[in-house]
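*Asks:* One structure is given below, represented as structure tokens, and several questions about it will come after.
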Amino acid sequence: MSKLGQVERLIEYSQLVYRLGLVWGTSGNMSLRLNKDRFIITASGASLGDLTDSDIVECSLDIEEEPYNRKMPSMEFRMHREIYRVKEEVSAILHAQPPFSTLVACSSDIELEQDILPESIAYLNKIQRVPYHHPGSMELAEEVTKQSLQADALLLENHGVICTGSSLKEVINKTETLEFLARLTVTAWGNRIALKVLPKDVADNFKQTLRGT
């Protein structure tokens, strides 16, 4: 696909993220790998629901090279860049603030049990919590990158969530799955409903079935 086609695709899926309610206002950012050396990301201060070509910024994976365009990239471009640098299989990244997932990320006593739903087992490799660091900081980028080596869905404490994957469609699906799991968990927690977690042997058997083994 041409670079123009990739820009249009990033705009299309970013607008979908907004319509799905996974971001609000000018929150959130989304990126797409162009090749082994470069990626594109939504611009700083841009609403994902109202993007134009000028709101897509091209960046280099070379830490020495500054991003260039008519606008600055999202302040979280370092977080995206560092993940792309260490995970060659990742082609798309979505940092969002869906309400229930963000509530869990901001809570001190609500944890997500992934083995409640077959869908969360199937669509999410692992969910990991990332300690708070200031948005846009290199400290956050480094911590998120370290955790992303083990998980593809991250709860950023007091900040939001980030999902990585092989395509824009995949990271949206992962974020929606994470949000549904968080909504289910928060609703049950608030109503004192005990959720039944699938036994480990059952969950492991389902994972083997998915792998065709």
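Lettering and numbering for the structure tokens are positional, with chains as A, B, ... in the shown order, residues counted from 1 in each chain, and ligands counted from 1 in the shown order.
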Taking 5 positions as the minimum chain separation for residues in the same chain, which residues sit within 12 Å of A:Met138 when counting only C-alpha atoms? Answer as a VMD selection string.

*Replies:* chain A and resid 63 75 to 82 133 143 to 145

*Asks:* Which residues, written as a PyMOL selection string, have at least one atom at most 9 Å from A:Pro199, with only C-alpha atoms counted and residues fewer than 4 positions away on the same chain left out?

*Replies:* chain A and resi 115+203-204

*Asks:* Given only C-alpha atoms as the basis, pick out the residue of A:Leu51, A:Ala46, A:Ile172, A:Val86 nearest to A:Gln150.

*Replies:*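 Between A:Leu51, A:Ala46, A:Ile172, A:Val86, the residue approaching A:Gln150 most closely is A:Val86.
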
*Asks:* Can you tell me which residues surround A:Arg129 at a distance of at most 8 Å, considering only C-alpha atoms, apart from same-chain residues fewer than 4 positions away, and format the answer as a PDB file with N, CA and C atoms, in the first residue's frame?

*Replies:*
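Wrote it out as out.pdb, contents follow:
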ATOM      1  N   ALA A 105      -7.758   1.370  35.379  1.00  0.00           N
ATOM      2  CA  ALA A 105      -6.370   1.825  35.403  1.00  0.00           C
ATOM      3  C   ALA A 105      -6.139   2.866  36.493  1.00  0.00           C
ATOM      4  N   LEU A 154      -2.209  -3.026  27.781  1.00  0.00           N
ATOM      5  CA  LEU A 154      -1.606  -2.426  28.967  1.00  0.00           C
ATOM      6  C   LEU A 154      -2.548  -1.409  29.596  1.00  0.00           C
ATOM      7  N   LEU A 155      -2.702  -1.509  30.919  1.00  0.00           N
ATOM      8  CA  LEU A 155      -3.438  -0.508  31.689  1.00  0.00           C
ATOM      9  C   LEU A 155      -2.415   0.480  32.239  1.00  0.00           C
ATOM     10  N   LEU A 156      -2.470   1.725  31.784  1.00  0.00           N
ATOM     11  CA  LEU A 156      -1.539   2.746  32.238  1.00  0.00           C
ATOM     12  C   LEU A 156      -2.150   3.447  33.442  1.00  0.00           C
ATOM     13  N   GLU A 157      -1.558   3.276  34.607  1.00  0.00           N
ATOM     14  CA  GLU A 157      -2.148   3.807  35.829  1.00  0.00           C
ATOM     15  C   GLU A 157      -2.386   5.306  35.733  1.00  0.00           C
TER      16      GLU A 157
END

*Asks:* Report as a ChimeraX atom specification all protein, DNA and RNA residues lying within 10 Å of A:Arg85, evaluated on only C-alpha atoms, omitting residues in the same chain fewer than 5 positions from it.

*Replies:* /A:36-38,60-63,80,90,145

*Asks:* Convert the current residue selection to file output with N, CA and C atoms, as a PDB file, in the first residue's frame.

*Replies:*
ATOM      1  N   LYS A  36      10.314  -0.682   8.135  1.00  0.00           N
ATOM      2  CA  LYS A  36      11.166  -1.001   9.282  1.00  0.00           C
ATOM      3  C   LYS A  36      11.811   0.229   9.905  1.00  0.00           C
ATOM      4  N   ASP A  37      11.743   1.371   9.216  1.00  0.00           N
ATOM      5  CA  ASP A  37      12.422   2.571   9.702  1.00  0.00           C
ATOM      6  C   ASP A  37      11.497   3.713  10.116  1.00  0.00           C
ATOM      7  N   ARG A  38      10.226   3.691   9.675  1.00  0.00           N
ATOM      8  CA  ARG A  38       9.374   4.855   9.892  1.00  0.00           C
ATOM      9  C   ARG A  38       7.951   4.449  10.254  1.00  0.00           C
ATOM     10  N   SER A  60      10.492   8.910  12.541  1.00  0.00           N
ATOM     11  CA  SER A  60      11.537   7.922  12.321  1.00  0.00           C
ATOM     12  C   SER A  60      11.726   7.070  13.566  1.00  0.00           C
ATOM     13  N   LEU A  61      12.144   5.831  13.370  1.00  0.00           N
ATOM     14  CA  LEU A  61      12.501   4.982  14.497  1.00  0.00           C
ATOM     15  C   LEU A  61      13.903   5.303  15.000  1.00  0.00           C
ATOM     16  N   ASP A  62      14.602   6.145  14.276  1.00  0.00           N
ATOM     17  CA  ASP A  62      15.919   6.618  14.715  1.00  0.00           C
ATOM     18  C   ASP A  62      15.713   7.639  15.819  1.00  0.00           C
ATOM     19  N   ILE A  63      16.185   7.328  17.004  1.00  0.00           N
ATOM     20  CA  ILE A  63      15.943   8.187  18.159  1.00  0.00           C
ATOM     21  C   ILE A  63      16.569   9.569  18.000  1.00  0.00           C
ATOM     22  N   HIS A  80       5.200   5.121  21.236  1.00  0.00           N
ATOM     23  CA  HIS A  80       4.976   4.352  20.011  1.00  0.00           C
ATOM     24  C   HIS A  80       6.310   3.956  19.385  1.00  0.00           C
ATOM     25  N   VAL A  90       4.908  -5.790  15.568  1.00  0.00           N
ATOM     26  CA  VAL A  90       3.852  -4.801  15.797  1.00  0.00           C
ATOM     27  C   VAL A  90       3.794  -3.820  14.633  1.00  0.00           C
ATOM     28  N   THR A 145       7.281   0.087  27.000  1.00  0.00           N
ATOM     29  CA  THR A 145       7.979  -0.807  26.076  1.00  0.00           C
ATOM     30  C   THR A 145       8.403  -2.090  26.785  1.00  0.00           C
TER      31      THR A 145
END

*Asks:* With only C-alpha atoms as the basis for distance, which of A:Asp50, A:Glu111, A:Glu89, A:Glu12 is at the shortest distance from A:Ala188?

*Replies:* A:Glu111

*Asks:* Taking the chain letters and numbering used in this document, name the residues of stretch 22-195 of chain A that DSSP puts in strand (DSSP E or B), as a tab-separated table (two decimals) with C-alpha atoms, in the first residue's frame.

*Replies:*
chain	number	residue	atom	x	y	z
A	29	ASN	CA	-3.43	8.68	19.65
A	30	MET	CA	-2.97	6.03	17.01
A	31	SER	CA	-0.06	5.02	14.83
A	32	LEU	CA	0.79	2.75	11.92
A	33	ARG	CA	4.17	1.37	10.89
A	38	ARG	CA	9.37	4.86	9.89
A	39	PHE	CA	5.83	5.17	11.22
A	40	ILE	CA	2.95	7.67	11.07
A	41	ILE	CA	1.02	8.94	14.08
A	42	THR	CA	-1.83	11.32	14.82
A	43	ALA	CA	-0.83	14.89	15.60
A	56	ILE	CA	-0.85	12.70	10.36
A	57	VAL	CA	2.83	13.06	11.21
A	58	GLU	CA	5.64	10.89	9.89
A	59	CYS	CA	8.30	9.86	12.41
A	60	SER	CA	11.54	7.92	12.32
A	68	TYR	CA	8.70	16.35	10.83
A	73	PRO	CA	3.15	14.44	16.59
A	92	ALA	CA	-0.19	-0.65	14.78
A	93	ILE	CA	-0.62	0.92	18.22
A	94	LEU	CA	-3.64	2.53	19.87
A	95	HIS	CA	-3.45	4.59	23.04
A	96	ALA	CA	-7.00	5.31	24.21
A	127	ILE	CA	-3.11	-7.73	30.27
A	128	GLN	CA	-0.46	-5.89	32.24
A	129	ARG	CA	-0.58	-2.86	34.56
A	130	VAL	CA	2.01	-0.08	34.07
A	153	ALA	CA	-2.93	-4.86	26.37
A	154	LEU	CA	-1.61	-2.43	28.97
A	155	LEU	CA	-3.44	-0.51	31.69
A	156	LEU	CA	-1.54	2.75	32.24
A	160	GLY	CA	-5.57	5.07	30.02
A	161	VAL	CA	-4.77	1.98	27.97
A	162	ILE	CA	-2.53	0.97	25.12
A	163	CYS	CA	-2.93	-2.00	22.78
A	164	THR	CA	-0.48	-3.29	20.18
A	165	GLY	CA	-1.08	-5.55	17.21

*Asks:* Skipping near chain neighbours, those fewer than 5 positions away, what residues fall within 10 Å of A:Val186 using only C-alpha atoms, listed as a list of chain:residue names?

*Replies:* A:Phe100, A:Ser101, A:Leu103, A:Val104, A:Ile110, A:Glu111, A:Leu112, A:Phe180, A:Leu181, A:Asn191, A:Arg192, A:Ile193

*Asks:* Just list as number ranges by chain whatever in stretch 7-210 of chain A DSSP marks as alpha helix (DSSP H).

*Replies:* A: 7-19, 77-86, 99-106, 118-123, 138-148, 168-190, 200-210

*Asks:* Would you mind telling me which residue in A:Thr209, A:Ser47, A:Ser120, A:Ser27 lies nearest to A:Leu184 when using only C-alpha atoms?

*Replies:*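 Looking at the shortest contact to A:Leu184, the residue is A:Ser120.
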